[in-house]
>>> print(open('start-v6.pdb').read())   # PDB, C-alpha atoms, pLDDT in the B column
ATOM      1  CA  MET A  13      86.039 108.934 -82.251  1.00 64.00           C
ATOM      2  CA  ASN A  14      88.920 110.041 -84.469  1.00 83.00           C
ATOM      3  CA  LYS A  15      91.985 110.711 -82.382  1.00 89.00           C
ATOM      4  CA  GLN A  16      94.749 113.107 -83.352  1.00 93.00           C
ATOM      5  CA  ASN A  17      98.152 111.434 -83.772  1.00 96.00           C
ATOM      6  CA  VAL A  18     100.939 112.697 -81.522  1.00 97.00           C
ATOM      7  CA  TYR A  19     104.494 111.468 -82.026  1.00 97.00           C
ATOM      8  CA  VAL A  20     106.442 110.884 -78.807  1.00 95.00           C
ATOM      9  CA  ALA A  21     110.248 110.762 -78.957  1.00 93.00           C
ATOM     10  CA  PHE A  22     112.070 109.221 -76.020  1.00 89.00           C
ATOM     11  CA  ASP A  23     114.980 107.029 -75.043  1.00 83.00           C
ATOM     12  CA  GLY A  24     113.416 103.655 -75.831  1.00 78.00           C
ATOM     13  CA  LYS A  25     115.925 101.757 -73.758  1.00 78.00           C
ATOM     14  CA  ASN A  26     115.473 103.667 -70.513  1.00 82.00           C
ATOM     15  CA  ASP A  27     112.179 105.548 -70.699  1.00 85.00           C
ATOM     16  CA  ILE A  28     109.570 103.047 -71.859  1.00 86.00           C
ATOM     17  CA  LYS A  29     107.851 103.272 -68.447  1.00 88.00           C
ATOM     18  CA  GLU A  30     107.414 107.006 -68.936  1.00 89.00           C
ATOM     19  CA  PHE A  31     105.854 106.416 -72.346  1.00 91.00           C
ATOM     20  CA  ALA A  32     103.546 103.818 -70.779  1.00 92.00           C
ATOM     21  CA  ASN A  33     101.949 106.669 -68.814  1.00 93.00           C
ATOM     22  CA  PHE A  34     100.954 108.290 -72.116  1.00 93.00           C
ATOM     23  CA  GLU A  35      99.395 105.021 -73.236  1.00 92.00           C
ATOM     24  CA  GLU A  36      97.381 104.899 -70.004  1.00 93.00           C
ATOM     25  CA  TRP A  37      96.144 108.474 -70.544  1.00 93.00           C
ATOM     26  CA  GLU A  38      95.052 107.501 -74.038  1.00 91.00           C
ATOM     27  CA  LYS A  39      92.766 104.809 -72.583  1.00 91.00           C
ATOM     28  CA  THR A  40      90.777 107.478 -70.752  1.00 87.00           C
ATOM     29  CA  GLU A  41      87.269 107.771 -72.162  1.00 83.00           C
ATOM     30  CA  ASN A  42      87.045 110.352 -74.965  1.00 87.00           C
ATOM     31  CA  TYR A  43      90.756 111.179 -74.778  1.00 91.00           C
ATOM     32  CA  PRO A  44      91.326 112.951 -78.128  1.00 93.00           C
ATOM     33  CA  PHE A  45      94.948 111.931 -78.774  1.00 94.00           C
ATOM     34  CA  HIS A  46      96.721 108.800 -79.971  1.00 94.00           C
ATOM     35  CA  PHE A  47     100.389 108.555 -79.003  1.00 95.00           C
ATOM     36  CA  ILE A  48     102.778 107.134 -81.582  1.00 93.00           C
ATOM     37  CA  ASN A  49     105.848 105.281 -80.351  1.00 89.00           C
ATOM     38  CA  GLY A  50     108.640 105.369 -82.935  1.00 82.00           C
ATOM     39  CA  MET A  51     110.718 102.973 -80.855  1.00 78.00           C
ATOM     40  CA  GLU A  52     108.435 100.113 -81.888  1.00 74.00           C
ATOM     41  CA  VAL A  53     109.416 100.773 -85.513  1.00 72.00           C
ATOM     42  CA  ALA A  54     113.079 101.077 -84.556  1.00 66.00           C
ATOM     43  CA  LEU A  55     112.994  97.702 -82.817  1.00 64.00           C
ATOM     44  CA  ARG A  56     111.256  96.020 -85.778  1.00 66.00           C
ATOM     45  CA  LEU A  57     113.842  97.469 -88.171  1.00 60.00           C
ATOM     46  CA  ASP A  58     116.826  96.911 -85.896  1.00 66.00           C
ATOM     47  CA  LYS A  59     118.828  95.114 -88.579  1.00 69.00           C
ATOM     48  CA  GLU A  60     118.111  97.745 -91.264  1.00 71.00           C
ATOM     49  CA  SER A  61     120.404 100.619 -92.164  1.00 79.00           C
ATOM     50  CA  ASP A  62     120.085 103.978 -90.413  1.00 79.00           C
ATOM     51  CA  GLU A  63     118.765 105.484 -93.651  1.00 85.00           C
ATOM     52  CA  VAL A  64     115.913 102.959 -93.889  1.00 84.00           C
ATOM     53  CA  LEU A  65     115.067 103.507 -90.232  1.00 84.00           C
ATOM     54  CA  LYS A  66     115.142 107.311 -90.592  1.00 87.00           C
ATOM     55  CA  LYS A  67     112.861 107.082 -93.626  1.00 91.00           C
ATOM     56  CA  LYS A  68     110.308 105.009 -91.706  1.00 89.00           C
ATOM     57  CA  LEU A  69     110.513 107.229 -88.625  1.00 90.00           C
ATOM     58  CA  GLY A  70     110.128 110.307 -90.829  1.00 94.00           C
ATOM     59  CA  GLU A  71     106.961 108.846 -92.363  1.00 94.00           C
ATOM     60  CA  LEU A  72     105.634 108.147 -88.895  1.00 93.00           C
ATOM     61  CA  ILE A  73     106.429 111.673 -87.667  1.00 96.00           C
ATOM     62  CA  ASP A  74     104.824 113.118 -90.815  1.00 97.00           C
ATOM     63  CA  SER A  75     101.589 111.287 -89.945  1.00 95.00           C
ATOM     64  CA  CYS A  76     101.361 113.261 -86.691  1.00 97.00           C
ATOM     65  CA  ALA A  77     100.190 116.791 -85.984  1.00 96.00           C
ATOM     66  CA  ILE A  78     102.228 117.324 -82.801  1.00 98.00           C
ATOM     67  CA  PHE A  79     105.674 116.216 -81.656  1.00 98.00           C
ATOM     68  CA  VAL A  80     106.371 115.511 -77.954  1.00 97.00           C
ATOM     69  CA  VAL A  81     109.794 114.844 -76.458  1.00 95.00           C
ATOM     70  CA  LEU A  82     109.943 113.062 -73.128  1.00 93.00           C
ATOM     71  CA  VAL A  83     112.959 114.524 -71.323  1.00 92.00           C
ATOM     72  CA  THR A  84     114.554 112.370 -68.641  1.00 90.00           C
ATOM     73  CA  LYS A  85     118.030 112.110 -67.178  1.00 86.00           C
ATOM     74  CA  THR A  86     119.259 110.176 -70.242  1.00 78.00           C
ATOM     75  CA  THR A  87     117.656 112.206 -73.062  1.00 76.00           C
ATOM     76  CA  LYS A  88     120.491 114.696 -73.568  1.00 71.00           C
ATOM     77  CA  SER A  89     123.100 111.960 -73.925  1.00 69.00           C
ATOM     78  CA  PHE A  90     120.971 109.747 -76.179  1.00 64.00           C
ATOM     79  CA  ARG A  91     122.227 111.159 -79.448  1.00 62.00           C
ATOM     80  CA  ARG A  92     121.429 108.682 -82.168  1.00 69.00           C
ATOM     81  CA  PHE A  93     117.746 108.703 -83.013  1.00 78.00           C
ATOM     82  CA  VAL A  94     116.250 111.035 -80.406  1.00 84.00           C
ATOM     83  CA  LYS A  95     118.493 113.798 -81.738  1.00 86.00           C
ATOM     84  CA  TRP A  96     117.571 112.990 -85.332  1.00 88.00           C
ATOM     85  CA  GLN A  97     113.832 112.890 -84.540  1.00 92.00           C
ATOM     86  CA  VAL A  98     114.040 116.278 -82.790  1.00 93.00           C
ATOM     87  CA  GLU A  99     115.945 117.811 -85.708  1.00 93.00           C
ATOM     88  CA  TYR A 100     113.413 116.359 -88.149  1.00 96.00           C
ATOM     89  CA  ALA A 101     110.453 117.828 -86.229  1.00 97.00           C
ATOM     90  CA  ILE A 102     112.153 121.237 -86.030  1.00 96.00           C
ATOM     91  CA  GLU A 103     112.924 121.154 -89.762  1.00 96.00           C
ATOM     92  CA  LYS A 104     109.282 120.275 -90.519  1.00 96.00           C
ATOM     93  CA  GLY A 105     108.050 123.165 -88.357  1.00 95.00           C
ATOM     94  CA  MET A 106     105.955 120.931 -86.128  1.00 97.00           C
ATOM     95  CA  PRO A 107     104.508 122.108 -82.826  1.00 98.00           C
ATOM     96  CA  ILE A 108     106.965 120.699 -80.273  1.00 98.00           C
ATOM     97  CA  ILE A 109     106.148 120.030 -76.638  1.00 98.00           C
ATOM     98  CA  VAL A 110     109.010 119.132 -74.306  1.00 97.00           C
ATOM     99  CA  SER A 111     107.687 117.174 -71.341  1.00 96.00           C
ATOM    100  CA  ASN A 112     110.057 117.110 -68.359  1.00 95.00           C
ATOM    101  CA  THR A 113     109.668 113.981 -66.237  1.00 93.00           C
ATOM    102  CA  ASN A 114     111.373 115.685 -63.281  1.00 93.00           C
ATOM    103  CA  LEU A 115     108.445 118.154 -63.258  1.00 92.00           C
ATOM    104  CA  ILE A 116     110.451 121.232 -64.183  1.00 93.00           C
ATOM    105  CA  ARG A 117     107.999 123.560 -65.926  1.00 93.00           C
ATOM    106  CA  SER A 118     110.512 125.310 -68.190  1.00 94.00           C
ATOM    107  CA  VAL A 119     113.680 124.448 -70.124  1.00 94.00           C
ATOM    108  CA  ASP A 120     115.700 121.884 -68.180  1.00 93.00           C
ATOM    109  CA  TYR A 121     119.175 122.962 -69.209  1.00 90.00           C
ATOM    110  CA  ASP A 122     120.766 119.856 -67.684  1.00 90.00           C
ATOM    111  CA  ARG A 123     118.629 117.321 -69.568  1.00 90.00           C
ATOM    112  CA  CYS A 124     117.209 118.961 -72.659  1.00 89.00           C
ATOM    113  CA  PRO A 125     118.814 118.284 -76.066  1.00 86.00           C
ATOM    114  CA  MET A 126     120.737 121.349 -77.293  1.00 87.00           C
ATOM    115  CA  LYS A 127     118.540 121.931 -80.366  1.00 89.00           C
ATOM    116  CA  LEU A 128     115.450 122.297 -78.176  1.00 92.00           C
ATOM    117  CA  LYS A 129     117.019 125.027 -76.072  1.00 91.00           C
ATOM    118  CA  LYS A 130     116.734 127.437 -79.003  1.00 91.00           C
ATOM    119  CA  ALA A 131     113.871 126.036 -81.083  1.00 95.00           C
ATOM    120  CA  LEU A 132     110.263 127.142 -81.014  1.00 97.00           C
ATOM    121  CA  SER A 133     108.977 124.773 -78.350  1.00 98.00           C
ATOM    122  CA  LEU A 134     106.870 124.569 -75.222  1.00 98.00           C
ATOM    123  CA  HIS A 135     108.575 123.173 -72.095  1.00 97.00           C
ATOM    124  CA  ILE A 136     106.267 121.722 -69.444  1.00 97.00           C
ATOM    125  CA  ALA A 137     106.164 119.383 -66.470  1.00 95.00           C
ATOM    126  CA  ASN A 138     105.191 115.847 -67.417  1.00 94.00           C
ATOM    127  CA  ASN A 139     101.677 115.544 -65.999  1.00 93.00           C
ATOM    128  CA  GLN A 140      98.507 114.323 -67.693  1.00 93.00           C
ATOM    129  CA  GLU A 141      96.508 117.527 -67.188  1.00 93.00           C
ATOM    130  CA  ILE A 142      99.308 119.810 -68.382  1.00 96.00           C
ATOM    131  CA  VAL A 143     100.267 117.576 -71.307  1.00 96.00           C
ATOM    132  CA  SER A 144      96.613 117.376 -72.372  1.00 95.00           C
ATOM    133  CA  TYR A 145      96.216 121.152 -72.023  1.00 96.00           C
ATOM    134  CA  ALA A 146      99.366 121.677 -74.102  1.00 97.00           C
ATOM    135  CA  LEU A 147      98.239 119.229 -76.789  1.00 97.00           C
ATOM    136  CA  LEU A 148      94.951 121.116 -77.113  1.00 96.00           C
ATOM    137  CA  ASN A 149      96.405 124.636 -76.996  1.00 97.00           C
ATOM    138  CA  TRP A 150     100.039 124.682 -78.109  1.00 98.00           C
ATOM    139  CA  PRO A 151      99.480 124.040 -81.849  1.00 97.00           C
ATOM    140  CA  ALA A 152      97.559 127.320 -82.256  1.00 97.00           C
ATOM    141  CA  SER A 153     100.094 129.207 -80.130  1.00 97.00           C
ATOM    142  CA  HIS A 154     102.894 127.622 -82.146  1.00 97.00           C
ATOM    143  CA  GLN A 155     101.332 128.927 -85.376  1.00 96.00           C
ATOM    144  CA  ASP A 156     100.942 132.397 -83.892  1.00 96.00           C
ATOM    145  CA  HIS A 157     104.581 132.448 -82.767  1.00 96.00           C
ATOM    146  CA  LEU A 158     105.732 131.271 -86.203  1.00 94.00           C
ATOM    147  CA  GLN A 159     103.746 133.967 -87.984  1.00 94.00           C
ATOM    148  CA  ASN A 160     105.146 136.622 -85.652  1.00 94.00           C
ATOM    149  CA  GLU A 161     108.690 135.200 -85.917  1.00 93.00           C
ATOM    150  CA  ARG A 162     108.976 134.532 -82.176  1.00 94.00           C
ATOM    151  CA  ILE A 163     111.293 131.542 -82.395  1.00 94.00           C
ATOM    152  CA  GLN A 164     112.139 130.744 -78.782  1.00 95.00           C
ATOM    153  CA  THR A 165     111.196 128.475 -75.921  1.00 96.00           C
ATOM    154  CA  PHE A 166     107.964 128.989 -74.013  1.00 96.00           C
ATOM    155  CA  ARG A 167     106.469 127.693 -70.795  1.00 96.00           C
ATOM    156  CA  TYR A 168     103.187 127.882 -68.955  1.00 95.00           C
ATOM    157  CA  GLU A 169     103.013 130.090 -65.899  1.00 93.00           C
ATOM    158  CA  LYS A 170     102.771 128.702 -62.380  1.00 91.00           C
ATOM    159  CA  GLU A 171      99.100 129.735 -62.191  1.00 92.00           C
ATOM    160  CA  LEU A 172      98.128 127.064 -64.723  1.00 93.00           C
ATOM    161  CA  TYR A 173      99.829 124.396 -62.622  1.00 93.00           C
ATOM    162  CA  ASP A 174      98.139 125.783 -59.512  1.00 91.00           C
ATOM    163  CA  PHE A 175      94.756 125.629 -61.262  1.00 92.00           C
ATOM    164  CA  TYR A 176      95.257 121.884 -61.796  1.00 88.00           C
ATOM    165  CA  HIS A 177      96.740 121.449 -58.277  1.00 89.00           C
ATOM    166  CA  ILE A 178     100.022 120.188 -59.683  1.00 88.00           C
ATOM    167  CA  LYS A 179     103.195 120.386 -57.637  1.00 84.00           C
ATOM    168  CA  THR A 180     106.226 121.103 -59.800  1.00 81.00           C
ATOM    169  CA  SER A 181     109.866 121.986 -59.450  1.00 78.00           C
ATOM    170  CA  PRO A 182     110.290 125.735 -58.955  1.00 66.00           C
ATOM    171  CA  PHE A 183     111.836 126.441 -62.354  1.00 63.00           C
TER
END
>>> encode(input="start-v6.pdb", output="structure tokens")
Amino acid sequence: MNKQNVYVAFDGKNDIKEFANFEEWEKTENYPFHFINGMEVALRLDKESDEVLKKKLGELIDSCAIFVVLVTKTTKSFRRFVKWQVEYAIEKGMPIIVSNTNLIRSVDYDRCPMKLKKALSLHIANNQEIVSYALLNWPASHQDHLQNERIQTFRYEKELYDFYHIKTSPF
């Protein structure tokens, strides 16, 4: 089965356990997505210049159809490469899904990087069912919003979370 590549940006120092959840989801039978971890490249190229690292990360992001940002308590303050990766994905016009690990189902103004507060993006609670639903459905919605020049943040309504029996934060 050919899986669709999804790039996941996160704070590699503090949030590797959160990314490990994505890797577990991927092991599910017939799961249609393969999650790409740019931090592995960053660690391999640790001694290289920022420009070399950005080039390699850019190539990796370009190989993916969807860009996911894991937002945790450290994401907003992690400025070096998470910020650059987000800016790169926005510049490339990629479908962006912001997955909040604190289960807020909309923009988390306390944790979300500034650029994502105004960019065309979908903000969701970090949960396998919702992330999978977003990965399947957001790219088409993203295209529709681009064509209609609706450049803003979006979220799924509470009813979708209720359908999957997911408890989230009230925002």
>>> closest_residue(input="start-v6.pdb", among="A:Glu30, A:Leu69, A:Val143, A:Arg167", to="A:Thr113", atoms="only C-alpha atoms")
A:Glu30
>>> atom_distance(input="start-v6.pdb", atom1="atom CA of A:Glu38", atom2="atom CA of A:Pro151")
18.8 Å
>>> closest_residue(input="start-v6.pdb", among="A:Gly105, A:Asn14, A:Lys170, A:Tyr19", to="A:Glu71", atoms="all atoms listed in the file")
A:Tyr19
>>> residues_near_point(input="start-v6.pdb", point="(101.0, 112.2, -86.5)", cutoff="8 Å", atoms="only C-alpha atoms", output="mmCIF file with C-alpha atoms, in the frame of the given file")
data_model
loop_
_atom_site.group_PDB
_atom_site.id
_atom_site.type_symbol
_atom_site.label_atom_id
_atom_site.label_comp_id
_atom_site.auth_asym_id
_atom_site.auth_seq_id
_atom_site.Cartn_x
_atom_site.Cartn_y
_atom_site.Cartn_z
ATOM 1 C CA GLN A 16 94.749 113.107 -83.352
ATOM 2 C CA ASN A 17 98.152 111.434 -83.772
ATOM 3 C CA VAL A 18 100.939 112.697 -81.522
ATOM 4 C CA TYR A 19 104.494 111.468 -82.026
ATOM 5 C CA ILE A 48 102.778 107.134 -81.582
ATOM 6 C CA LEU A 72 105.634 108.147 -88.895
ATOM 7 C CA ILE A 73 106.429 111.673 -87.667
ATOM 8 C CA ASP A 74 104.824 113.118 -90.815
ATOM 9 C CA SER A 75 101.589 111.287 -89.945
ATOM 10 C CA CYS A 76 101.361 113.261 -86.691
ATOM 11 C CA ALA A 77 100.190 116.791 -85.984
ATOM 12 C CA ILE A 78 102.228 117.324 -82.801
ATOM 13 C CA PHE A 79 105.674 116.216 -81.656
#
>>> resolve_selection(input="start-v6.pdb", expression="the PyMOL selection byres ((chain A and resi 120-125) around 7)", output="PDB file with C-alpha atoms, keeping the file's coordinate frame")
ATOM      1  CA  VAL A  83     112.959 114.524 -71.323  1.00 92.00           C
ATOM      2  CA  THR A  84     114.554 112.370 -68.641  1.00 90.00           C
ATOM      3  CA  LYS A  85     118.030 112.110 -67.178  1.00 86.00           C
ATOM      4  CA  THR A  87     117.656 112.206 -73.062  1.00 76.00           C
ATOM      5  CA  LYS A  88     120.491 114.696 -73.568  1.00 71.00           C
ATOM      6  CA  ILE A 116     110.451 121.232 -64.183  1.00 93.00           C
ATOM      7  CA  SER A 118     110.512 125.310 -68.190  1.00 94.00           C
ATOM      8  CA  VAL A 119     113.680 124.448 -70.124  1.00 94.00           C
ATOM      9  CA  MET A 126     120.737 121.349 -77.293  1.00 87.00           C
ATOM     10  CA  LYS A 127     118.540 121.931 -80.366  1.00 89.00           C
ATOM     11  CA  LEU A 128     115.450 122.297 -78.176  1.00 92.00           C
ATOM     12  CA  LYS A 129     117.019 125.027 -76.072  1.00 91.00           C
TER      13      LYS A 129
END
>>> atom_distance(input="start-v6.pdb", atom1="atom CA of A:Leu132", atom2="atom CA of A:Tyr173")
21.3 Å
>>> atom_distance(input="start-v6.pdb", atom1="atom CA of A:Lys130", atom2="atom CA of A:Ile163")
7.6 Å
>>> closest_residue(input="start-v6.pdb", among="A:Asn149, A:Ser181, A:Ser133, A:Asn139", to="A:Thr165", atoms="all atoms listed in the file")
A:Ser133
>>> closest_residue(input="start-v6.pdb", among="A:Ile136, A:Met51, A:Leu158, A:Leu148", to="A:Ile102", atoms="all atoms listed in the file")
A:Leu158
>>> closest_residue(input="start-v6.pdb", among="A:Asp27, A:Glu161, A:Glu171, A:Glu41", to="A:Asn112", atoms="all atoms listed in the file")
A:Asp27
>>> residues_around(input="start-v6.pdb", residues="A:Trp150", least_positions_apart="5", cutoff="10 Å", atoms="all atoms listed in the file", output="list of chain:residue names")
A:Ile78, A:Pro107, A:Ile108, A:Ile109, A:Ser133, A:Leu134, A:Val143, A:Ser144, A:Tyr145, A:Gln155, A:Asp156, A:Phe166
>>> write_last_selection(input="start-v6.pdb", atoms="C-alpha atoms", output="mmCIF file, keeping the file's coordinate frame")
data_model
loop_
_atom_site.group_PDB
_atom_site.id
_atom_site.type_symbol
_atom_site.label_atom_id
_atom_site.label_comp_id
_atom_site.auth_asym_id
_atom_site.auth_seq_id
_atom_site.Cartn_x
_atom_site.Cartn_y
_atom_site.Cartn_z
ATOM 1 C CA ILE A 78 102.228 117.324 -82.801
ATOM 2 C CA PRO A 107 104.508 122.108 -82.826
ATOM 3 C CA ILE A 108 106.965 120.699 -80.273
ATOM 4 C CA ILE A 109 106.148 120.030 -76.638
ATOM 5 C CA SER A 133 108.977 124.773 -78.350
ATOM 6 C CA LEU A 134 106.870 124.569 -75.222
ATOM 7 C CA VAL A 143 100.267 117.576 -71.307
ATOM 8 C CA SER A 144 96.613 117.376 -72.372
ATOM 9 C CA TYR A 145 96.216 121.152 -72.023
ATOM 10 C CA GLN A 155 101.332 128.927 -85.376
ATOM 11 C CA ASP A 156 100.942 132.397 -83.892
ATOM 12 C CA PHE A 166 107.964 128.989 -74.013
#
>>> closest_residue(input="start-v6.pdb", among="A:Val110, A:Ala131, A:Leu147, A:Leu65", to="A:Phe93", atoms="all atoms listed in the file")
A:Leu65
